[in-house]
>>> print(open('start-v3.tsv').read())   # TSV, C-alpha atoms
chain	number	residue	atom	x	y	z
Q	7	MET	CA	-10.15	-17.36	21.09
Q	8	SER	CA	-10.20	-19.75	18.16
Q	9	ALA	CA	-7.97	-22.83	18.25
Q	10	TRP	CA	-5.75	-21.94	15.30
Q	11	ILE	CA	-4.68	-18.58	16.70
Q	12	LYS	CA	-3.22	-20.30	19.77
Q	13	THR	CA	-0.45	-21.72	17.55
Q	14	LEU	CA	0.82	-18.23	16.77
Q	15	VAL	CA	4.22	-17.42	18.26
Q	16	ILE	CA	5.90	-14.03	17.97
Q	17	ILE	CA	9.37	-13.45	19.37
Q	18	THR	CA	10.79	-9.96	19.40
Q	19	GLY	CA	14.47	-9.29	19.87
Q	20	VAL	CA	17.43	-7.33	18.62
Q	21	LEU	CA	20.17	-8.65	16.40
Q	22	GLY	CA	22.83	-6.16	15.39
Q	23	SER	CA	21.09	-2.87	14.66
Q	24	GLY	CA	17.80	-4.31	13.38
Q	25	LEU	CA	14.59	-5.44	15.01
Q	26	ILE	CA	13.98	-9.16	14.48
Q	27	LEU	CA	10.49	-10.63	14.48
Q	28	THR	CA	9.95	-14.37	14.11
Q	29	ALA	CA	6.43	-15.66	13.63
Q	30	SER	CA	5.16	-19.16	13.11
Q	31	CYS	CA	1.84	-20.84	12.60
Q	32	GLY	CA	1.82	-24.57	12.07
Q	33	ALA	CA	4.59	-25.56	9.62
Q	34	GLU	CA	5.14	-22.07	8.23
Q	35	THR	CA	7.72	-19.80	9.84
Q	36	LEU	CA	8.65	-16.31	8.67
Q	37	LYS	CA	11.35	-14.00	9.97
Q	38	PHE	CA	11.03	-10.24	9.57
Q	39	SER	CA	13.95	-7.90	10.14
Q	40	HIS	CA	13.86	-4.12	10.23
Q	41	ILE	CA	16.40	-2.83	7.71
Q	42	THR	CA	16.14	0.96	7.81
Q	43	SER	CA	13.83	3.97	8.02
Q	44	ILE	CA	13.57	6.97	5.71
Q	45	TYR	CA	12.88	10.34	7.28
Q	46	ASP	CA	13.83	12.86	4.61
Q	47	HIS	CA	14.74	13.48	1.01
Q	48	GLN	CA	17.90	15.39	0.19
Q	49	GLU	CA	17.57	17.25	-3.10
Q	50	SER	CA	21.26	18.12	-3.42
Q	51	SER	CA	24.22	19.17	-1.33
Q	52	ALA	CA	23.42	22.80	-2.13
Q	53	ALA	CA	19.95	22.40	-0.65
Q	54	GLN	CA	21.47	21.66	2.76
Q	55	GLU	CA	23.21	25.03	3.08
Q	56	SER	CA	20.27	26.68	4.77
Q	57	THR	CA	18.21	25.56	7.75
Q	58	THR	CA	14.97	26.23	5.88
Q	59	ALA	CA	16.00	23.99	3.00
Q	60	GLN	CA	16.96	21.22	5.41
Q	61	GLU	CA	13.61	21.38	7.17
Q	62	SER	CA	11.73	21.26	3.87
Q	63	THR	CA	13.25	17.88	3.03
Q	64	ALA	CA	11.71	16.07	6.01
Q	65	LEU	CA	8.82	13.72	5.26
Q	66	ARG	CA	5.47	14.87	6.58
Q	67	GLN	CA	2.57	12.45	7.01
Q	68	PRO	CA	3.46	10.15	4.07
Q	69	GLU	CA	0.44	8.03	3.12
Q	70	GLY	CA	1.36	6.26	-0.10
Q	71	ILE	CA	4.15	3.97	-1.27
Q	72	ALA	CA	4.87	1.87	-4.37
Q	73	CYS	CA	7.88	-0.16	-5.43
Q	74	ASP	CA	9.07	-2.17	-8.43
Q	75	ASP	CA	11.26	-5.26	-8.67
Q	76	ARG	CA	14.37	-3.35	-9.69
Q	77	SER	CA	15.13	-0.65	-7.14
Q	78	LEU	CA	12.59	2.15	-7.43
Q	79	VAL	CA	10.53	3.23	-4.41
Q	80	VAL	CA	7.93	5.99	-4.83
Q	81	VAL	CA	6.46	7.84	-1.84
Q	82	ALA	CA	3.40	10.08	-1.60
Q	83	ASP	CA	4.70	12.65	0.88
Q	84	THR	CA	1.16	13.77	1.60
Q	85	GLY	CA	1.74	16.56	4.10
Q	86	ASN	CA	4.23	18.25	1.77
Q	87	GLY	CA	2.09	17.73	-1.34
Q	88	ARG	CA	4.85	16.01	-3.31
Q	89	ILE	CA	6.03	12.71	-4.73
Q	90	LEU	CA	9.48	11.41	-3.75
Q	91	ARG	CA	11.55	8.76	-5.50
Q	92	TYR	CA	14.27	6.62	-3.95
Q	93	ARG	CA	16.41	3.72	-5.05
Q	94	PHE	CA	16.85	0.83	-2.63
Q	95	GLN	CA	19.69	-1.57	-3.42
Q	96	ASP	CA	21.77	-3.79	-1.14
Q	97	LYS	CA	19.88	-2.45	1.89
Q	98	THR	CA	20.96	1.09	1.02
Q	99	ILE	CA	18.70	4.04	0.20
Q	100	SER	CA	19.64	6.61	-2.45
Q	101	ASP	CA	17.62	9.80	-2.90
Q	102	ASP	CA	19.37	11.39	-5.86
Q	103	LEU	CA	16.16	11.62	-7.93
Q	104	PRO	CA	14.48	15.03	-7.66
Q	105	ALA	CA	11.18	15.49	-5.83
Q	106	ILE	CA	8.01	15.89	-7.90
Q	107	GLN	CA	5.77	18.82	-6.98
Q	108	LEU	CA	3.10	19.77	-9.52
Q	109	PRO	CA	0.00	22.02	-9.54
Q	110	GLU	CA	-2.05	18.94	-10.53
Q	111	LEU	CA	-1.11	17.27	-7.23
Q	112	THR	CA	-2.49	18.91	-4.09
Q	113	LEU	CA	-2.93	16.08	-1.57
Q	114	PRO	CA	-1.32	12.89	-2.91
Q	115	THR	CA	-2.23	9.68	-1.10
Q	116	ARG	CA	-2.20	6.27	-2.83
Q	117	VAL	CA	0.45	5.60	-5.46
Q	118	GLN	CA	0.97	2.81	-8.00
Q	119	LEU	CA	3.50	2.04	-10.76
Q	120	ASN	CA	2.76	0.43	-14.09
Q	121	SER	CA	5.17	-1.75	-16.10
Q	122	ARG	CA	6.57	1.29	-17.93
Q	123	GLY	CA	7.52	3.02	-14.70
Q	124	GLU	CA	4.74	5.60	-15.00
Q	125	ILE	CA	3.47	6.87	-11.65
Q	126	PHE	CA	-0.25	6.99	-10.85
Q	127	VAL	CA	-1.32	9.05	-7.84
Q	128	LEU	CA	-4.68	9.45	-6.12
Q	129	ASP	CA	-5.22	13.05	-5.03
Q	130	ARG	CA	-7.58	12.99	-2.05
Q	131	LYS	CA	-8.52	16.66	-2.37
Q	132	THR	CA	-9.58	16.60	-6.03
Q	133	ARG	CA	-10.61	12.90	-5.93
Q	134	ARG	CA	-8.83	12.30	-9.19
Q	135	ILE	CA	-6.13	9.86	-10.26
Q	136	VAL	CA	-3.16	11.67	-11.80
Q	137	ARG	CA	-0.89	9.94	-14.31
Q	138	LEU	CA	2.77	10.99	-14.42
Q	139	THR	CA	5.51	9.97	-16.80
Q	140	ALA	CA	8.38	7.81	-15.57
Q	141	GLU	CA	10.41	11.04	-15.38
Q	142	GLY	CA	7.82	12.68	-13.12
Q	143	ALA	CA	6.10	15.06	-15.56
Q	144	PHE	CA	2.32	15.42	-15.67
Q	145	HIS	CA	0.85	13.13	-18.34
Q	146	SER	CA	-2.93	13.23	-17.87
Q	147	TYR	CA	-5.80	12.56	-15.52
Q	148	LEU	CA	-7.27	9.08	-15.55
Q	149	GLU	CA	-10.66	9.61	-17.16
Q	150	PRO	CA	-12.54	6.28	-17.32
Q	151	ALA	CA	-14.33	5.92	-20.67
Q	152	GLY	CA	-17.37	3.86	-21.59
Q	153	LEU	CA	-18.71	3.39	-18.06
Q	154	PRO	CA	-22.24	2.08	-17.47
Q	155	SER	CA	-22.66	4.97	-14.99
Q	156	SER	CA	-20.39	7.97	-15.16
Q	157	THR	CA	-19.95	9.23	-11.58
Q	158	VAL	CA	-16.77	7.86	-9.99
Q	159	VAL	CA	-15.35	8.73	-6.57
Q	160	PRO	CA	-12.13	6.75	-6.11
Q	161	ARG	CA	-11.12	5.71	-2.58
Q	162	SER	CA	-8.20	3.63	-3.80
Q	163	PHE	CA	-6.88	1.88	-6.90
Q	164	PHE	CA	-4.49	-0.83	-8.02
Q	165	ILE	CA	-2.47	-1.58	-11.18
Q	166	ASP	CA	-1.71	-5.23	-11.97
Q	167	ARG	CA	1.21	-6.78	-13.86
Q	168	ASN	CA	-0.72	-6.42	-17.14
Q	169	ASP	CA	-1.26	-2.71	-16.44
Q	170	LEU	CA	-5.00	-3.15	-15.94
Q	171	ILE	CA	-6.31	-0.50	-13.57
Q	172	TYR	CA	-8.75	-1.38	-10.77
Q	173	VAL	CA	-10.59	1.53	-9.14
Q	174	LEU	CA	-12.40	1.30	-5.80
Q	175	ASP	CA	-15.40	3.54	-6.52
Q	176	ILE	CA	-17.14	4.35	-3.23
Q	177	PHE	CA	-19.85	6.48	-4.89
Q	178	SER	CA	-21.27	3.71	-7.10
Q	179	GLU	CA	-20.13	0.96	-4.68
Q	180	ARG	CA	-18.15	-1.05	-7.19
Q	181	VAL	CA	-14.73	-2.08	-8.39
Q	182	LEU	CA	-14.03	-0.85	-11.92
Q	183	VAL	CA	-11.68	-2.73	-14.23
Q	184	LEU	CA	-10.10	-0.44	-16.82
Q	185	SER	CA	-7.65	-0.92	-19.66
Q	186	PRO	CA	-4.19	0.66	-19.31
Q	187	GLU	CA	-5.59	3.74	-21.06
Q	188	GLY	CA	-8.74	3.92	-18.95
Q	189	GLN	CA	-11.29	2.17	-21.16
Q	190	TYR	CA	-14.04	0.35	-19.26
Q	191	ARG	CA	-13.64	-3.45	-19.19
Q	192	ALA	CA	-15.85	-4.69	-16.34
Q	193	GLN	CA	-17.20	-3.92	-12.90
Q	194	LYS	CA	-17.95	-5.85	-9.73
Q	195	LYS	CA	-20.42	-4.48	-7.18
Q	196	PHE	CA	-19.49	-4.28	-3.50
Q	197	PRO	CA	-20.91	-6.99	-1.23
Q	198	LYS	CA	-24.30	-5.87	0.11
Q	199	ASP	CA	-23.55	-6.80	3.71
Q	200	GLY	CA	-20.24	-4.91	3.89
Q	201	GLY	CA	-19.35	-1.92	6.06
Q	202	PHE	CA	-16.81	0.47	4.52
Q	203	PHE	CA	-14.45	-0.74	1.81
Q	204	SER	CA	-11.07	1.02	1.98
Q	205	ASP	CA	-8.76	-0.77	-0.42
Q	206	LEU	CA	-8.36	-3.50	-3.03
Q	207	THR	CA	-5.63	-5.55	-4.64
Q	208	VAL	CA	-5.23	-8.24	-7.30
Q	209	ASP	CA	-2.81	-11.14	-6.92
Q	210	TYR	CA	-0.70	-13.00	-9.48
Q	211	LYS	CA	-3.64	-15.35	-10.20
Q	212	GLU	CA	-5.79	-12.28	-11.01
Q	213	THR	CA	-7.92	-12.90	-7.93
Q	214	HIS	CA	-9.52	-9.70	-6.58
Q	215	PHE	CA	-9.45	-8.83	-2.86
Q	216	LEU	CA	-11.41	-6.19	-0.94
Q	217	ILE	CA	-10.89	-5.09	2.65
Q	218	ASP	CA	-13.89	-4.03	4.75
Q	219	SER	CA	-12.43	-1.75	7.42
Q	220	VAL	CA	-15.48	-1.59	9.67
Q	221	ASN	CA	-15.96	-5.35	9.89
Q	222	ALA	CA	-12.26	-6.28	9.46
Q	223	THR	CA	-13.22	-8.78	6.77
Q	224	VAL	CA	-11.51	-9.72	3.51
Q	225	TYR	CA	-13.67	-10.44	0.46
Q	226	THR	CA	-12.47	-12.14	-2.70
Q	227	ALA	CA	-13.61	-12.77	-6.27
Q	228	GLY	CA	-12.05	-14.68	-9.14
Q	229	LYS	CA	-11.12	-12.89	-12.35
Q	230	ASP	CA	-14.42	-13.73	-14.07
Q	231	ALA	CA	-16.61	-14.00	-10.97
Q	232	ALA	CA	-19.71	-11.85	-10.85
Q	233	ALA	CA	-19.59	-11.10	-7.11
Q	234	PHE	CA	-17.33	-10.88	-4.08
Q	235	LEU	CA	-17.59	-13.50	-1.35
Q	236	PRO	CA	-16.11	-13.37	2.18
Q	237	LEU	CA	-12.70	-15.02	2.46
Q	238	THR	CA	-12.44	-14.50	6.23
Q	239	GLN	CA	-14.67	-14.17	9.21
Q	240	ASN	CA	-14.79	-10.91	11.15
Q	241	LEU	CA	-11.20	-10.38	12.37
Q	242	LYS	CA	-11.89	-7.59	14.85
Q	243	GLU	CA	-10.36	-9.75	17.58
Q	244	TYR	CA	-6.96	-9.37	15.91
Q	245	MET	CA	-7.05	-5.95	14.24
Q	246	ARG	CA	-8.74	-2.64	14.87
Q	247	PHE	CA	-9.25	-0.87	11.52
Q	248	PRO	CA	-7.51	-2.31	8.43
Q	249	THR	CA	-7.32	0.21	5.58
Q	250	ALA	CA	-4.89	-1.24	3.02
Q	251	ILE	CA	-4.29	-4.65	1.47
Q	252	THR	CA	-1.68	-6.23	-0.79
Q	253	THR	CA	-0.29	-9.68	-1.60
Q	254	ASP	CA	3.19	-11.11	-2.11
Q	255	ASN	CA	4.43	-13.51	-4.78
Q	256	ARG	CA	3.60	-16.48	-2.53
Q	257	GLY	CA	-0.07	-15.55	-2.31
Q	258	ARG	CA	0.07	-14.31	1.28
Q	259	ILE	CA	-2.20	-11.38	2.10
Q	260	TYR	CA	-0.90	-8.34	4.02
Q	261	LEU	CA	-3.32	-6.00	5.79
Q	262	VAL	CA	-2.37	-2.60	7.19
Q	263	ASP	CA	-4.14	-2.17	10.53
Q	264	ARG	CA	-4.05	1.61	10.64
Q	265	ASN	CA	-5.52	2.16	14.10
Q	266	GLY	CA	-3.74	-0.85	15.60
Q	267	GLY	CA	-0.32	0.11	14.24
Q	268	ARG	CA	0.60	-3.29	12.84
Q	269	ILE	CA	0.60	-5.49	9.77
Q	270	ILE	CA	-1.59	-8.61	9.71
Q	271	ILE	CA	-0.49	-11.47	7.42
Q	272	LEU	CA	-2.99	-14.04	6.18
Q	273	GLY	CA	-2.56	-17.19	4.15
Q	274	SER	CA	-4.14	-17.41	0.71
Q	275	ASP	CA	-7.06	-19.25	2.33
Q	276	GLY	CA	-7.67	-16.38	4.77
Q	277	SER	CA	-6.13	-18.07	7.82
Q	278	LEU	CA	-4.17	-15.85	10.18
Q	279	LEU	CA	-0.42	-16.47	9.89
Q	280	GLU	CA	1.18	-13.70	11.92
Q	281	ARG	CA	1.25	-10.08	13.00
Q	282	LEU	CA	4.17	-7.78	12.27
Q	283	SER	CA	5.15	-4.89	14.56
Q	284	ALA	CA	3.02	-2.99	17.05
Q	285	LYS	CA	2.02	0.59	17.79
Q	286	GLY	CA	4.83	2.94	18.82
Q	287	TRP	CA	7.46	5.40	17.68
Q	288	LYS	CA	10.70	3.41	18.05
Q	289	GLU	CA	12.38	1.88	15.01
Q	290	GLY	CA	10.40	-1.14	13.85
Q	291	LEU	CA	7.14	0.07	15.43
Q	292	LEU	CA	4.30	1.80	13.57
Q	293	ASN	CA	1.98	4.73	14.22
Q	294	TYR	CA	-1.07	4.90	11.93
Q	295	PRO	CA	0.53	3.26	8.87
Q	296	SER	CA	-1.28	3.85	5.56
Q	297	GLN	CA	0.01	1.74	2.67
Q	298	LEU	CA	2.66	-0.90	2.00
Q	299	CYS	CA	4.31	-2.54	-0.98
Q	300	ILE	CA	6.39	-5.70	-1.33
Q	301	ASN	CA	8.94	-6.42	-4.05
Q	302	SER	CA	10.01	-9.82	-5.40
Q	303	ARG	CA	12.97	-9.93	-2.99
Q	304	GLY	CA	10.66	-9.92	0.02
Q	305	GLU	CA	11.45	-6.32	0.99
Q	306	ILE	CA	8.49	-4.59	2.61
Q	307	PHE	CA	8.09	-0.79	2.48
Q	308	ILE	CA	5.54	0.77	4.84
Q	309	ALA	CA	4.25	4.34	4.90
Q	310	ASP	CA	4.47	4.94	8.66
Q	311	THR	CA	2.30	8.04	8.50
Q	312	ASN	CA	2.15	9.50	12.01
Q	313	ASN	CA	5.84	8.76	12.58
Q	314	ASN	CA	6.64	10.81	9.45
Q	315	ARG	CA	8.77	8.09	7.90
Q	316	ILE	CA	8.99	5.09	5.62
Q	317	GLN	CA	10.07	1.82	7.24
Q	318	VAL	CA	11.75	-1.01	5.38
Q	319	PHE	CA	11.60	-4.64	6.50
Q	320	ALA	CA	12.87	-7.88	4.97
Q	321	VAL	CA	11.06	-11.19	5.14
Q	322	LYS	CA	12.82	-14.53	5.01
Q	323	GLU	CA	11.15	-17.93	4.78
>>> encode(input="start-v3.tsv", output="structure tokens")
Amino acid sequence: MSAWIKTLVIITGVLGSGLILTASCGAETLKFSHITSIYDHQESSAAQESTTAQESTALRQPEGIACDDRSLVVVADTGNGRILRYRFQDKTISDDLPAIQLPELTLPTRVQLNSRGEIFVLDRKTRRIVRLTAEGAFHSYLEPAGLPSSTVVPRSFFIDRNDLIYVLDIFSERVLVLSPEGQYRAQKKFPKDGGFFSDLTVDYKETHFLIDSVNATVYTAGKDAAAFLPLTQNLKEYMRFPTAITTDNRGRIYLVDRNGGRIIILGSDGSLLERLSAKGWKEGLLNYPSQLCINSRGEIFIADTNNNRIQVFAVKE
């Protein structure tokens, strides 16, 4: 075991009704508290009058989640083939917005929001990215234009604060950079020595990050860099199969370890800071999580897929 990981301390306890996790590495200490979990979506009071309607509101294998810095939380309720919208304010969830179920969406997985509140959804069955209006109506399919090679098979995608769209294209082994309307801007090829790349993100400095699930390695590239370079060593000692990546407004990197049922947090330099949660079904634990998002208030929303729920945590410095 490397020397720096020996400084990691994780204390798990219960304070009030929430799980408390405190983690420290060197001078940095973070405290994570479990706020709540979301298991269903109530359309209206009338919808609860029958048992069938009540059962239909339960989340089923949710894989995608996106959030903005106001209150909106969007969920890809994958098993039910629908998109759900919630509002999260003052640690309280409201689900008064109607569910979105469209013929253009068959198996929604990853979701992202742009600055206008439009919802972009990756449909795993059709392998297309669907663009919805802020109200939830079908707008269009994302059809990249002007590509140097036309075949695109998206595994994931990300939308940055300037509404640029980054597509993880596993067919042509590249990251595409597109304008907000889908016009080709640039591309970066995958590292040649990588295993399987599952997800990407772009931080506030416009630095690109890739996660190699097989080798548990993070790669990075500057905005104008021609190639990705490894940011970390192989991290298999600390995670089993990371499949999603995002960053917070402090530059920390969050990895979703799907098979390990936990969240791995790295510093901006790739050093391991802490690990959040563990595999299980109790509140605060995770079972094959898929995607997470973090808002500017430090609230973390995790698609806890095999537990059929969304979990919400708060992080405090």
>>> residues_around(input="start-v3.tsv", residues="Ile171 in chain Q", least_positions_apart="3", cutoff="9 Å", atoms="only C-alpha atoms", output="ChimeraX atom specification")
/Q:163-166,168,182-188
>>> closest_residue(input="start-v3.tsv", among="Q:Pro295, Q:Gly286, Q:Gly257, Q:Gly142", to="Glu69 in chain Q", atoms="all atoms listed in the file")
Q:Pro295
>>> atom_distance(input="start-v3.tsv", atom1="CA of Gly201 in chain Q", atom2="CA of Val158 in chain Q")
19.0 Å
>>> residues_around(input="start-v3.tsv", residues="range 91-100 of chain Q", least_positions_apart="4", cutoff="6 Å", atoms="all atoms listed in the file", output="PyMOL selection string")
chain Q and resi 77-80
>>> closest_residue(input="start-v3.tsv", among="Q:Asn86, Q:Asn120, Q:Thr253, Q:Asn314", to="Thr139 in chain Q", atoms="only C-alpha atoms")
Q:Asn120
>>> residues_around(input="start-v3.tsv", residues="Lys242 in chain Q", least_positions_apart="2", cutoff="12 Å", atoms="all atoms listed in the file", output="number ranges by chain")
Q: 7, 218-224, 238-240, 244-248, 263, 265-266, 270
>>> residues_near_point(input="start-v3.tsv", point="(6.8, 11.5, -12.5)", cutoff="9 Å", atoms="only C-alpha atoms", output="PyMOL selection string")
chain Q and resi 89+91+105-106+123-126+137-145
>>> write_last_selection(input="start-v3.tsv", atoms="C-alpha atoms", output="PDB file, in the frame of the given file")
ATOM      1  CA  ILE Q  89       6.030  12.710  -4.730  1.00  0.00           C
ATOM      2  CA  ARG Q  91      11.550   8.760  -5.500  1.00  0.00           C
ATOM      3  CA  ALA Q 105      11.180  15.490  -5.830  1.00  0.00           C
ATOM      4  CA  ILE Q 106       8.010  15.890  -7.900  1.00  0.00           C
ATOM      5  CA  GLY Q 123       7.520   3.020 -14.700  1.00  0.00           C
ATOM      6  CA  GLU Q 124       4.740   5.600 -15.000  1.00  0.00           C
ATOM      7  CA  ILE Q 125       3.470   6.870 -11.650  1.00  0.00           C
ATOM      8  CA  PHE Q 126      -0.250   6.990 -10.850  1.00  0.00           C
ATOM      9  CA  ARG Q 137      -0.890   9.940 -14.310  1.00  0.00           C
ATOM     10  CA  LEU Q 138       2.770  10.990 -14.420  1.00  0.00           C
ATOM     11  CA  THR Q 139       5.510   9.970 -16.800  1.00  0.00           C
ATOM     12  CA  ALA Q 140       8.380   7.810 -15.570  1.00  0.00           C
ATOM     13  CA  GLU Q 141      10.410  11.040 -15.380  1.00  0.00           C
ATOM     14  CA  GLY Q 142       7.820  12.680 -13.120  1.00  0.00           C
ATOM     15  CA  ALA Q 143       6.100  15.060 -15.560  1.00  0.00           C
ATOM     16  CA  PHE Q 144       2.320  15.420 -15.670  1.00  0.00           C
ATOM     17  CA  HIS Q 145       0.850  13.130 -18.340  1.00  0.00           C
TER      18      HIS Q 145
END
>>> residues_around(input="start-v3.tsv", residues="Lys211 in chain Q", least_positions_apart="3", cutoff="10 Å", atoms="all atoms listed in the file", output="ChimeraX atom specification")
/Q:208,214,228-229,255,257
>>> closest_residue(input="start-v3.tsv", among="Q:Ala320, Q:Leu291, Q:Ile251, Q:Leu278", to="Arg303 in chain Q", atoms="all atoms listed in the file")
Q:Ala320
>>> closest_atom_pairs(input="start-v3.tsv", of="range 193-292 of chain Q", to="range 110-118 of chain Q", cutoff="12 Å", atoms="all atoms listed in the file", output="Markdown table")
| residue | atom | partner | partner_atom | distance |
| --- | --- | --- | --- | --- |
| Q:Ser204 | CA | Q:Arg116 | CA | 11.4 |
| Q:Asp205 | CA | Q:Arg116 | CA | 9.9 |
| Q:Leu206 | CA | Q:Arg116 | CA | 11.6 |
| Q:Thr207 | CA | Q:Gln118 | CA | 11.2 |
| Q:Thr249 | CA | Q:Arg116 | CA | 11.6 |
| Q:Ala250 | CA | Q:Arg116 | CA | 9.9 |
| Q:Ile251 | CA | Q:Arg116 | CA | 11.9 |
| Q:Thr252 | CA | Q:Gln118 | CA | 11.9 |
>>> closest_residue(input="start-v3.tsv", among="Q:Ala151, Q:Val159, Q:Leu241, Q:Ile269", to="Asp129 in chain Q", atoms="only C-alpha atoms")
Q:Val159
>>> closest_residue(input="start-v3.tsv", among="Q:Arg130, Q:Arg180, Q:Arg66, Q:Arg122", to="Lys195 in chain Q", atoms="all atoms listed in the file")
Q:Arg180
>>> atom_distance(input="start-v3.tsv", atom1="CA of Arg268 in chain Q", atom2="CA of Asp46 in chain Q")
22.4 Å
>>> atom_distance(input="start-v3.tsv", atom1="CA of Ser121 in chain Q", atom2="CA of Tyr172 in chain Q")
14.9 Å
>>> closest_residue(input="start-v3.tsv", among="Q:Ala233, Q:Val181, Q:Ala309, Q:Leu282", to="Phe38 in chain Q", atoms="all atoms listed in the file")
Q:Leu282
>>> residues_around(input="start-v3.tsv", residues="Ala232 in chain Q", least_positions_apart="2", cutoff="10 Å", atoms="all atoms listed in the file", output="ChimeraX atom specification")
/Q:192-195,227-230,234-235
